[in-house]
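One structure is given below, encoded as structure tokens.
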Amino acid sequence: KTYGGYTAMSRQVIERSSVAYLDTAFRAMAIAYAKYVNAQAIVALKALTGVGTATADTTAKGWTDAIVDSAVSIYGATGLQPEFILAAPDVFKTVVGIFDSSDRPIMGGNFNGIGSVNIPALTADVRSLPMVLDPALSAGDCWIANREGFVTYESGGAPFRLSAESITTLTKDFSVYGYAAFAGPVPGAIVKVTVEAE
């Protein structure tokens, strides 16, 4: 599909503005393009059939079990290994908020740790799997996967820029666009994780 957006502005704004109005507009359109393409990728990911399933809870053991079950599922279906965890913000908070009975963090703690976390960067590593947080995911969304499971095909260099000028109204239209498609060629390399309360 083709994804894109546009805006219009007068030559006066382009030529006489005291701020970089056009550059700001292009940056805003590029950000909107990236967010929309990401949202469409999520829609395609959620529509996949043939993915594995696993369950985790709010404990270190629950997440360890989920990762082991996912690794077994992915290897059994494809011969591949899991490479990352893709998680919604609430799932990320659940994992990095696991504490032991002495109120010590399991993630990044000095005792009984199952991984590391960098909260300002919103990154984590759970049982040697990097956890990727996507703010666009819905609450509860979580997958453990190998990159072969889901592919985004996007035109190289996208988004592209176009412009057209009206000499009668002294305005100019600007657009950004790109082509993208999504596929799940190896759905067995993806495991949908359901996070349950302890």
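Chains: A, B, ... in order of the structure tokens. Residues: from 1 per chain. Ligands: from 1, in order shown.
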
>> So that I can see what lies close to region 83-97 of chain A, please list as number ranges by chain the residues with an atom at most 10 Å from it, counting only C-alpha atoms and leaving out residues fewer than 4 positions away in the same chain.
In response: A: 56-60, 63, 67, 71, 104-108, 115-119, 122-126, 128-148, 189-195, 197

> Out of region 13-138 of chain A, which residues get alpha helix (DSSP H) from DSSP, as a PyMOL selection string?
Replying inline: chain A and resi 13-16+21-46+60-78+89-96

>> For the structure I just gave you, how does DSSP split chain A - specifically, which residues are strand (DSSP E or B)? Reply as a ChimeraX atom specification.
In response: /A:2-10,52-56,84-87,99,105,107,115-118,123-126,129-133,142-145,151-154,160-166,171-183,190-195

> Between A:Ala181, A:Ala20, A:Met29, A:Leu80, which is the closest to Val43 (chain A) once you count only C-alpha atoms?
Replying inline: A:Ala181

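Ranking A:Thr152, A:Thr171, A:Ser101, A:Gly5 by their shortest atom-to-atom distance to Gln40 (chain A), with only C-alpha atoms included, puts A:Thr152 first.
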
>> For Ser175 (chain A), find every residue with an atom within 7 Å (counting only C-alpha atoms), except residues of its own chain fewer than 3 positions away, and show them as a VMD selection string.
In response: chain A and resid 5 to 7 161 to 163

Since we have the selection now, will you write its residues out, keeping N, CA and C atoms, as a tab-separated table (two decimals), in the first residue's frame?
```
chain	number	residue	atom	x	y	z
A	5	GLY	N	1.11	11.67	3.52
A	5	GLY	CA	0.33	12.80	3.99
A	5	GLY	C	0.85	14.07	3.33
A	6	TYR	N	0.15	15.18	3.57
A	6	TYR	CA	0.54	16.41	2.90
A	6	TYR	C	0.17	17.62	3.73
A	7	THR	N	0.71	18.75	3.35
A	7	THR	CA	0.34	20.03	3.94
A	7	THR	C	0.52	21.11	2.88
A	161	ARG	N	9.67	12.84	-0.76
A	161	ARG	CA	9.05	14.16	-0.72
A	161	ARG	C	8.61	14.58	-2.11
A	162	LEU	N	7.47	15.24	-2.16
A	162	LEU	CA	6.97	15.85	-3.40
A	162	LEU	C	6.49	17.26	-3.09
A	163	SER	N	6.50	18.12	-4.12
A	163	SER	CA	5.96	19.47	-3.95
A	163	SER	C	5.35	19.93	-5.26
```

>> At a cut-off of 12 Å, using only C-alpha atoms, what residues contact Asp23 (chain A)? Leave out same-chain residues fewer than 4 positions from it and give the result as a PyMOL selection string.
In response: chain A and resi 13-14+17+19+27-30+161+174
